[in-house]
file target_35.pdb (PDB, C-alpha atoms)
ATOM      1  CA  MET F   1     -19.616   1.592   3.977  1.00  0.00           C
ATOM      2  CA  PHE F   2     -18.751  -1.854   2.642  1.00  0.00           C
ATOM      3  CA  ILE F   3     -15.067  -2.770   2.159  1.00  0.00           C
ATOM      4  CA  LEU F   4     -13.874  -5.988   0.566  1.00  0.00           C
ATOM      5  CA  LYS F   5     -10.545  -7.564   1.428  1.00  0.00           C
ATOM      6  CA  ILE F   6      -7.965  -8.175  -1.277  1.00  0.00           C
ATOM      7  CA  SER F   7      -7.566 -11.732  -2.453  1.00  0.00           C
ATOM      8  CA  ASN F   8      -4.337 -13.324  -3.665  1.00  0.00           C
ATOM      9  CA  GLN F   9      -2.213 -11.681  -6.343  1.00  0.00           C
ATOM     10  CA  THR F  10      -4.194  -8.636  -7.370  1.00  0.00           C
ATOM     11  CA  ASP F  11      -2.537  -5.575  -8.899  1.00  0.00           C
ATOM     12  CA  THR F  12      -5.333  -3.069  -8.260  1.00  0.00           C
ATOM     13  CA  ILE F  13      -6.755  -1.123  -5.325  1.00  0.00           C
ATOM     14  CA  THR F  14     -10.123   0.610  -5.568  1.00  0.00           C
ATOM     15  CA  THR F  15     -12.297   2.464  -3.092  1.00  0.00           C
ATOM     16  CA  THR F  16     -13.698  -0.912  -1.956  1.00  0.00           C
ATOM     17  CA  LEU F  17     -10.519  -3.049  -2.182  1.00  0.00           C
ATOM     18  CA  ILE F  18      -7.962  -2.219   0.512  1.00  0.00           C
ATOM     19  CA  ILE F  19      -4.609  -3.544   1.747  1.00  0.00           C
ATOM     20  CA  ARG F  20      -3.953  -4.336   5.418  1.00  0.00           C
ATOM     21  CA  ASP F  21      -0.952  -5.833   7.187  1.00  0.00           C
ATOM     22  CA  GLY F  22      -0.266  -9.290   5.754  1.00  0.00           C
ATOM     23  CA  GLU F  23      -1.862  -8.509   2.378  1.00  0.00           C
ATOM     24  CA  THR F  24       0.011  -7.388  -0.729  1.00  0.00           C
ATOM     25  CA  LEU F  25      -0.391  -6.214  -4.291  1.00  0.00           C
ATOM     26  CA  VAL F  26       1.659  -7.909  -7.004  1.00  0.00           C
ATOM     27  CA  SER F  27       2.558  -5.871 -10.090  1.00  0.00           C
ATOM     28  CA  SER F  28       0.865  -6.853 -13.353  1.00  0.00           C
ATOM     29  CA  GLY F  29       3.882  -8.855 -14.613  1.00  0.00           C
ATOM     30  CA  GLY F  30       4.869 -10.241 -11.207  1.00  0.00           C
ATOM     31  CA  SER F  31       8.154  -8.329 -10.783  1.00  0.00           C
ATOM     32  CA  PHE F  32       7.215  -6.270  -7.704  1.00  0.00           C
ATOM     33  CA  GLU F  33       5.185  -6.673  -4.547  1.00  0.00           C
ATOM     34  CA  LEU F  34       3.719  -3.836  -2.450  1.00  0.00           C
ATOM     35  CA  GLY F  35       2.570  -4.143   1.132  1.00  0.00           C
ATOM     36  CA  PHE F  36       3.341  -3.603   4.793  1.00  0.00           C
ATOM     37  CA  PHE F  37       6.695  -4.576   6.247  1.00  0.00           C
ATOM     38  CA  SER F  38       8.795  -4.134   9.377  1.00  0.00           C
ATOM     39  CA  PRO F  39      12.589  -3.846   9.228  1.00  0.00           C
ATOM     40  CA  GLU F  40      14.595  -6.250  11.377  1.00  0.00           C
ATOM     41  CA  ASN F  41      14.773  -5.270  15.059  1.00  0.00           C
ATOM     42  CA  SER F  42      11.919  -2.758  14.650  1.00  0.00           C
ATOM     43  CA  ASN F  43       8.280  -2.680  15.682  1.00  0.00           C
ATOM     44  CA  ASN F  44       7.533   0.084  13.170  1.00  0.00           C
ATOM     45  CA  GLN F  45       5.400  -0.677  10.109  1.00  0.00           C
ATOM     46  CA  TYR F  46       5.964   0.780   6.654  1.00  0.00           C
ATOM     47  CA  VAL F  47       4.318   0.477   3.261  1.00  0.00           C
ATOM     48  CA  GLY F  48       6.873  -0.353   0.629  1.00  0.00           C
ATOM     49  CA  MET F  49       7.652  -2.033  -2.640  1.00  0.00           C
ATOM     50  CA  TRP F  50      10.152  -4.844  -3.099  1.00  0.00           C
ATOM     51  CA  TYR F  51      11.261  -7.294  -5.776  1.00  0.00           C
ATOM     52  CA  LYS F  52       8.876 -10.258  -5.781  1.00  0.00           C
ATOM     53  CA  GLU F  53      11.251 -12.881  -7.178  1.00  0.00           C
ATOM     54  CA  ILE F  54      14.288 -12.161  -4.960  1.00  0.00           C
ATOM     55  CA  PRO F  55      14.215 -14.405  -1.846  1.00  0.00           C
ATOM     56  CA  ALA F  56      15.787 -11.774   0.441  1.00  0.00           C
ATOM     57  CA  LYS F  57      13.246  -8.938   0.576  1.00  0.00           C
ATOM     58  CA  THR F  58      14.933  -5.970  -1.141  1.00  0.00           C
ATOM     59  CA  VAL F  59      12.782  -2.893  -0.475  1.00  0.00           C
ATOM     60  CA  VAL F  60      13.137  -0.348  -3.277  1.00  0.00           C
ATOM     61  CA  TRP F  61      10.530   2.254  -2.219  1.00  0.00           C
ATOM     62  CA  VAL F  62       8.908   3.279   1.064  1.00  0.00           C
ATOM     63  CA  ALA F  63       5.779   5.443   1.270  1.00  0.00           C
ATOM     64  CA  ASN F  64       5.826   6.468   4.925  1.00  0.00           C
ATOM     65  CA  ARG F  65       9.570   6.591   5.574  1.00  0.00           C
ATOM     66  CA  GLU F  66       9.193   9.779   7.642  1.00  0.00           C
ATOM     67  CA  ILE F  67       6.149   8.664   9.652  1.00  0.00           C
ATOM     68  CA  PRO F  68       6.148   4.942  10.456  1.00  0.00           C
ATOM     69  CA  LEU F  69       3.136   3.211  11.926  1.00  0.00           C
ATOM     70  CA  THR F  70       3.823   2.041  15.468  1.00  0.00           C
ATOM     71  CA  ASN F  71       1.348  -0.838  15.282  1.00  0.00           C
ATOM     72  CA  LYS F  72      -0.349  -3.049  12.690  1.00  0.00           C
ATOM     73  CA  SER F  73      -3.402  -0.823  12.252  1.00  0.00           C
ATOM     74  CA  GLY F  74      -2.481   0.609   8.845  1.00  0.00           C
ATOM     75  CA  VAL F  75      -4.781   0.525   5.828  1.00  0.00           C
ATOM     76  CA  LEU F  76      -3.754   1.377   2.258  1.00  0.00           C
ATOM     77  CA  LYS F  77      -6.674   2.428   0.082  1.00  0.00           C
ATOM     78  CA  VAL F  78      -7.864   4.732  -2.676  1.00  0.00           C
ATOM     79  CA  ILE F  79     -10.173   7.617  -1.829  1.00  0.00           C
ATOM     80  CA  GLU F  80     -11.944  10.202  -3.928  1.00  0.00           C
ATOM     81  CA  PRO F  81     -10.765  12.413  -5.624  1.00  0.00           C
ATOM     82  CA  GLY F  82      -8.168   9.790  -6.656  1.00  0.00           C
ATOM     83  CA  LEU F  83      -5.611   9.673  -3.862  1.00  0.00           C
ATOM     84  CA  LEU F  84      -3.788   6.586  -2.649  1.00  0.00           C
ATOM     85  CA  VAL F  85      -3.667   6.972   1.149  1.00  0.00           C
ATOM     86  CA  LEU F  86      -2.150   5.180   4.109  1.00  0.00           C
ATOM     87  CA  LEU F  87      -4.415   5.532   7.142  1.00  0.00           C
ATOM     88  CA  ASN F  88      -4.003   4.665  10.778  1.00  0.00           C
ATOM     89  CA  ASP F  89      -7.172   2.560  10.981  1.00  0.00           C
ATOM     90  CA  THR F  90      -7.414   3.110  14.739  1.00  0.00           C
ATOM     91  CA  ASN F  91      -8.047   6.851  14.500  1.00  0.00           C
ATOM     92  CA  GLY F  92      -8.489   7.514  10.740  1.00  0.00           C
ATOM     93  CA  VAL F  93      -5.469   9.820  10.511  1.00  0.00           C
ATOM     94  CA  ILE F  94      -3.811   9.968   7.085  1.00  0.00           C
ATOM     95  CA  ILE F  95      -0.133   9.006   7.496  1.00  0.00           C
ATOM     96  CA  TRP F  96       0.837   9.341   3.814  1.00  0.00           C
ATOM     97  CA  SER F  97      -0.897  10.149   0.522  1.00  0.00           C
ATOM     98  CA  SER F  98      -0.109  10.361  -3.157  1.00  0.00           C
ATOM     99  CA  ASN F  99      -0.790  13.434  -5.265  1.00  0.00           C
ATOM    100  CA  THR F 100      -3.308  13.906  -8.030  1.00  0.00           C
ATOM    101  CA  SER F 101      -3.467  16.529 -10.737  1.00  0.00           C
ATOM    102  CA  ARG F 102      -7.213  16.189 -11.287  1.00  0.00           C
ATOM    103  CA  PRO F 103     -10.173  14.625  -9.477  1.00  0.00           C
ATOM    104  CA  VAL F 104     -11.504  11.239 -10.608  1.00  0.00           C
ATOM    105  CA  LYS F 105     -15.051   9.962 -10.033  1.00  0.00           C
ATOM    106  CA  THR F 106     -14.170   6.262  -9.828  1.00  0.00           C
ATOM    107  CA  PRO F 107     -10.523   6.125  -8.678  1.00  0.00           C
ATOM    108  CA  VAL F 108      -8.404   3.012  -9.193  1.00  0.00           C
ATOM    109  CA  ALA F 109      -4.716   2.443  -8.404  1.00  0.00           C
ATOM    110  CA  LYS F 110      -3.091  -0.170 -10.660  1.00  0.00           C
ATOM    111  CA  PHE F 111       0.372  -1.500  -9.768  1.00  0.00           C
ATOM    112  CA  LEU F 112       2.375  -1.722 -12.993  1.00  0.00           C
ATOM    113  CA  ASP F 113       5.337  -4.006 -13.624  1.00  0.00           C
ATOM    114  CA  SER F 114       7.530  -0.892 -14.044  1.00  0.00           C
ATOM    115  CA  GLY F 115       7.029  -0.259 -10.322  1.00  0.00           C
ATOM    116  CA  ASN F 116       4.700   2.697 -10.970  1.00  0.00           C
TER
END
call {"tool": "encode", "arguments": {"input": "target_35.pdb", "output": "structure tokens"}}
result
Amino acid sequence: MFILKISNQTDTITTTLIIRDGETLVSSGGSFELGFFSPENSNNQYVGMWYKEIPAKTVVWVANREIPLTNKSGVLKVIEPGLLVLLNDTNGVIIWSSNTSRPVKTPVAKFLDSGN
């Protein structure tokens, strides 16, 4: 399997473009950013969304609120049949996933400026 790393300021994840700690997605209009973060005084890692243009990071959504990563081994990617998943890259365990109502052959997750 061949996986490419995300470059600066993309709004899309595919089966070959992934997000790791230190990398982010920026919504199509630049209002939101999505990526890994750690709250103050915590070693836990979360995937969340925050306002891009506000200097103090204001997290407005967290994917894995119930099951934080305890290290920086998380990977956010799209898998067939069209799920957005957060994996522990060390052991391949799915920590969090989105839902899909129907399978897709070439799944893509696009981060919209509405936050969806």
call {"tool": "atom_distance", "arguments": {"input": "target_35.pdb", "atom1": "atom CA of Asn41 of chain F", "atom2": "atom CA of Gly74 of chain F"}}
result
19.3 Å
call {"tool": "closest_residue", "arguments": {"input": "target_35.pdb", "among": "F:Gly92, F:Pro81, F:Gly30, F:Pro103", "to": "Asp11 of chain F", "atoms": "all atoms listed in the file"}}
result
F:Gly30
call {"tool": "resolve_selection", "arguments": {"input": "target_35.pdb", "expression": "the PyMOL selection byres ((chain F and resi 96) around 12)", "output": "VMD selection string"}}
result
chain F and resid 46 to 48 62 to 69 74 to 78 83 to 88 92 to 95 97 to 99
call {"tool": "closest_residue", "arguments": {"input": "target_35.pdb", "among": "F:Asn91, F:Ser73, F:Thr100, F:Asn116", "to": "Gly22 of chain F", "atoms": "all atoms listed in the file"}}
result
F:Ser73
call {"tool": "resolve_selection", "arguments": {"input": "target_35.pdb", "expression": "the PyMOL selection byres ((chain F and resi 21) around 7)", "output": "ChimeraX atom specification"}}
result
/F:19-20,22-23,36,72,74
call {"tool": "atom_distance", "arguments": {"input": "target_35.pdb", "atom1": "atom CA of Phe111 of chain F", "atom2": "atom CA of Glu33 of chain F"}}
result
8.8 Å
call {"tool": "atom_distance", "arguments": {"input": "target_35.pdb", "atom1": "atom CA of Phe32 of chain F", "atom2": "atom CA of Pro55 of chain F"}}
result
12.2 Å
call {"tool": "closest_residue", "arguments": {"input": "target_35.pdb", "among": "F:Ile13, F:Val59, F:Val26, F:Ile54", "to": "Thr106 of chain F", "atoms": "all atoms listed in the file"}}
result
F:Ile13
call {"tool": "resolve_selection", "arguments": {"input": "target_35.pdb", "expression": "the PyMOL selection byres ((chain F and resi 52) around 12)", "output": "number ranges by chain"}}
result
F: 9, 24-35, 48-51, 53-60, 113, 115
call {"tool": "write_last_selection", "arguments": {"input": "target_35.pdb", "atoms": "C-alpha atoms", "output": "PDB file, in the frame of the given file"}}
result
ATOM      1  CA  GLN F   9      -2.213 -11.681  -6.343  1.00  0.00           C
ATOM      2  CA  THR F  24       0.011  -7.388  -0.729  1.00  0.00           C
ATOM      3  CA  LEU F  25      -0.391  -6.214  -4.291  1.00  0.00           C
ATOM      4  CA  VAL F  26       1.659  -7.909  -7.004  1.00  0.00           C
ATOM      5  CA  SER F  27       2.558  -5.871 -10.090  1.00  0.00           C
ATOM      6  CA  SER F  28       0.865  -6.853 -13.353  1.00  0.00           C
ATOM      7  CA  GLY F  29       3.882  -8.855 -14.613  1.00  0.00           C
ATOM      8  CA  GLY F  30       4.869 -10.241 -11.207  1.00  0.00           C
ATOM      9  CA  SER F  31       8.154  -8.329 -10.783  1.00  0.00           C
ATOM     10  CA  PHE F  32       7.215  -6.270  -7.704  1.00  0.00           C
ATOM     11  CA  GLU F  33       5.185  -6.673  -4.547  1.00  0.00           C
ATOM     12  CA  LEU F  34       3.719  -3.836  -2.450  1.00  0.00           C
ATOM     13  CA  GLY F  35       2.570  -4.143   1.132  1.00  0.00           C
ATOM     14  CA  GLY F  48       6.873  -0.353   0.629  1.00  0.00           C
ATOM     15  CA  MET F  49       7.652  -2.033  -2.640  1.00  0.00           C
ATOM     16  CA  TRP F  50      10.152  -4.844  -3.099  1.00  0.00           C
ATOM     17  CA  TYR F  51      11.261  -7.294  -5.776  1.00  0.00           C
ATOM     18  CA  GLU F  53      11.251 -12.881  -7.178  1.00  0.00           C
ATOM     19  CA  ILE F  54      14.288 -12.161  -4.960  1.00  0.00           C
ATOM     20  CA  PRO F  55      14.215 -14.405  -1.846  1.00  0.00           C
ATOM     21  CA  ALA F  56      15.787 -11.774   0.441  1.00  0.00           C
ATOM     22  CA  LYS F  57      13.246  -8.938   0.576  1.00  0.00           C
ATOM     23  CA  THR F  58      14.933  -5.970  -1.141  1.00  0.00           C
ATOM     24  CA  VAL F  59      12.782  -2.893  -0.475  1.00  0.00           C
ATOM     25  CA  VAL F  60      13.137  -0.348  -3.277  1.00  0.00           C
ATOM     26  CA  ASP F 113       5.337  -4.006 -13.624  1.00  0.00           C
ATOM     27  CA  GLY F 115       7.029  -0.259 -10.322  1.00  0.00           C
TER      28      GLY F 115
END
call {"tool": "closest_residue", "arguments": {"input": "target_35.pdb", "among": "F:Thr70, F:Gly82, F:Val108, F:Arg102", "to": "Ser38 of chain F", "atoms": "all atoms listed in the file"}}
result
F:Thr70
call {"tool": "decode", "arguments": {"input": "target_35.pdb", "residues": "segment 52-65 of chain F", "atoms": "all heavy atoms", "output": "tab-separated table (two decimals), in the first residue's frame"}}
result
chain	number	residue	atom	x	y	z
F	52	LYS	N	-10.15	28.47	12.60
F	52	LYS	CA	-8.81	28.71	12.05
F	52	LYS	C	-8.32	30.12	12.35
F	52	LYS	O	-7.15	30.32	12.64
F	52	LYS	CB	-8.86	28.48	10.53
F	52	LYS	CG	-7.62	28.87	9.79
F	52	LYS	CD	-6.65	27.74	9.72
F	52	LYS	CE	-5.46	28.10	8.83
F	52	LYS	NZ	-4.22	27.75	9.40
F	53	GLU	N	-9.19	31.11	12.29
F	53	GLU	CA	-8.77	32.50	12.38
F	53	GLU	C	-8.74	33.07	13.80
F	53	GLU	O	-8.37	34.22	13.98
F	53	GLU	CB	-9.67	33.37	11.50
F	53	GLU	CG	-9.62	33.00	10.02
F	53	GLU	CD	-8.23	33.13	9.42
F	53	GLU	OE1	-7.51	34.09	9.74
F	53	GLU	OE2	-7.85	32.24	8.63
F	54	ILE	N	-9.14	32.29	14.80
F	54	ILE	CA	-9.10	32.77	16.19
F	54	ILE	C	-7.77	32.34	16.80
F	54	ILE	O	-7.45	31.14	16.81
F	54	ILE	CB	-10.28	32.21	17.00
F	54	ILE	CG1	-11.60	32.72	16.42
F	54	ILE	CG2	-10.15	32.59	18.47
F	54	ILE	CD1	-12.83	32.15	17.09
F	55	PRO	N	-6.95	33.29	17.28
F	55	PRO	CA	-5.62	32.95	17.80
F	55	PRO	C	-5.63	31.91	18.93
F	55	PRO	O	-4.80	31.01	18.94
F	55	PRO	CB	-5.08	34.29	18.30
F	55	PRO	CG	-5.85	35.32	17.57
F	55	PRO	CD	-7.20	34.73	17.32
F	56	ALA	N	-6.57	32.02	19.87
F	56	ALA	CA	-6.66	31.02	20.93
F	56	ALA	C	-7.49	29.86	20.38
F	56	ALA	O	-8.64	30.03	20.01
F	56	ALA	CB	-7.34	31.61	22.16
F	57	LYS	N	-6.87	28.67	20.28
F	57	LYS	CA	-7.56	27.53	19.69
F	57	LYS	C	-8.85	27.24	20.43
F	57	LYS	O	-8.85	26.90	21.60
F	57	LYS	CB	-6.66	26.30	19.70
F	57	LYS	CG	-7.24	25.13	18.92
F	57	LYS	CD	-6.35	23.90	18.97
F	57	LYS	CE	-5.13	24.11	18.13
F	57	LYS	NZ	-4.28	22.92	18.08
F	58	THR	N	-9.99	27.40	19.74
F	58	THR	CA	-11.31	27.15	20.30
F	58	THR	C	-11.87	25.91	19.63
F	58	THR	O	-12.39	25.97	18.51
F	58	THR	CB	-12.25	28.36	20.07
F	58	THR	OG1	-11.63	29.53	20.61
F	58	THR	CG2	-13.60	28.13	20.70
F	59	VAL	N	-11.75	24.77	20.29
F	59	VAL	CA	-12.20	23.49	19.73
F	59	VAL	C	-13.71	23.44	19.79
F	59	VAL	O	-14.31	23.67	20.84
F	59	VAL	CB	-11.57	22.30	20.48
F	59	VAL	CG1	-12.08	20.98	19.95
F	59	VAL	CG2	-10.04	22.36	20.40
F	60	VAL	N	-14.34	23.14	18.65
F	60	VAL	CA	-15.80	23.12	18.57
F	60	VAL	C	-16.36	21.72	18.34
F	60	VAL	O	-17.57	21.52	18.43
F	60	VAL	CB	-16.33	24.09	17.49
F	60	VAL	CG1	-16.01	25.52	17.87
F	60	VAL	CG2	-15.77	23.76	16.12
F	61	TRP	N	-15.50	20.74	18.05
F	61	TRP	CA	-15.94	19.36	17.85
F	61	TRP	C	-14.78	18.43	18.10
F	61	TRP	O	-13.64	18.74	17.72
F	61	TRP	CB	-16.46	19.18	16.42
F	61	TRP	CG	-16.88	17.79	16.10
F	61	TRP	CD1	-18.05	17.18	16.43
F	61	TRP	CD2	-16.10	16.82	15.38
F	61	TRP	NE1	-18.05	15.89	15.96
F	61	TRP	CE2	-16.87	15.65	15.31
F	61	TRP	CE3	-14.84	16.83	14.80
F	61	TRP	CZ2	-16.43	14.49	14.68
F	61	TRP	CZ3	-14.39	15.69	14.17
F	61	TRP	CH2	-15.18	14.54	14.11
F	62	VAL	N	-15.05	17.30	18.76
F	62	VAL	CA	-14.02	16.30	19.04
F	62	VAL	C	-14.54	14.93	18.61
F	62	VAL	O	-15.63	14.51	19.01
F	62	VAL	CB	-13.66	16.27	20.54
F	62	VAL	CG1	-12.62	15.19	20.84
F	62	VAL	CG2	-13.16	17.63	21.00
F	63	ALA	N	-13.77	14.23	17.80
F	63	ALA	CA	-14.18	12.92	17.30
F	63	ALA	C	-14.09	11.85	18.38
F	63	ALA	O	-15.04	11.12	18.63
F	63	ALA	CB	-13.32	12.51	16.10
F	64	ASN	N	-12.96	11.74	19.01
F	64	ASN	CA	-12.68	10.65	19.94
F	64	ASN	C	-12.70	11.10	21.40
F	64	ASN	O	-11.87	10.69	22.21
F	64	ASN	CB	-11.33	10.00	19.62
F	64	ASN	CG	-10.18	10.97	19.67
F	64	ASN	OD1	-10.28	12.11	19.22
F	64	ASN	ND2	-9.07	10.52	20.20
F	65	ARG	N	-13.69	11.88	21.75
F	65	ARG	CA	-13.83	12.41	23.11
F	65	ARG	C	-13.84	11.30	24.15
F	65	ARG	O	-13.25	11.41	25.22
F	65	ARG	CB	-15.11	13.22	23.20
F	65	ARG	CG	-15.37	13.87	24.54
F	65	ARG	CD	-16.66	14.66	24.54
F	65	ARG	NE	-16.82	15.57	23.43
F	65	ARG	CZ	-16.36	16.82	23.40
F	65	ARG	NH1	-15.71	17.30	24.44
F	65	ARG	NH2	-16.55	17.59	22.35
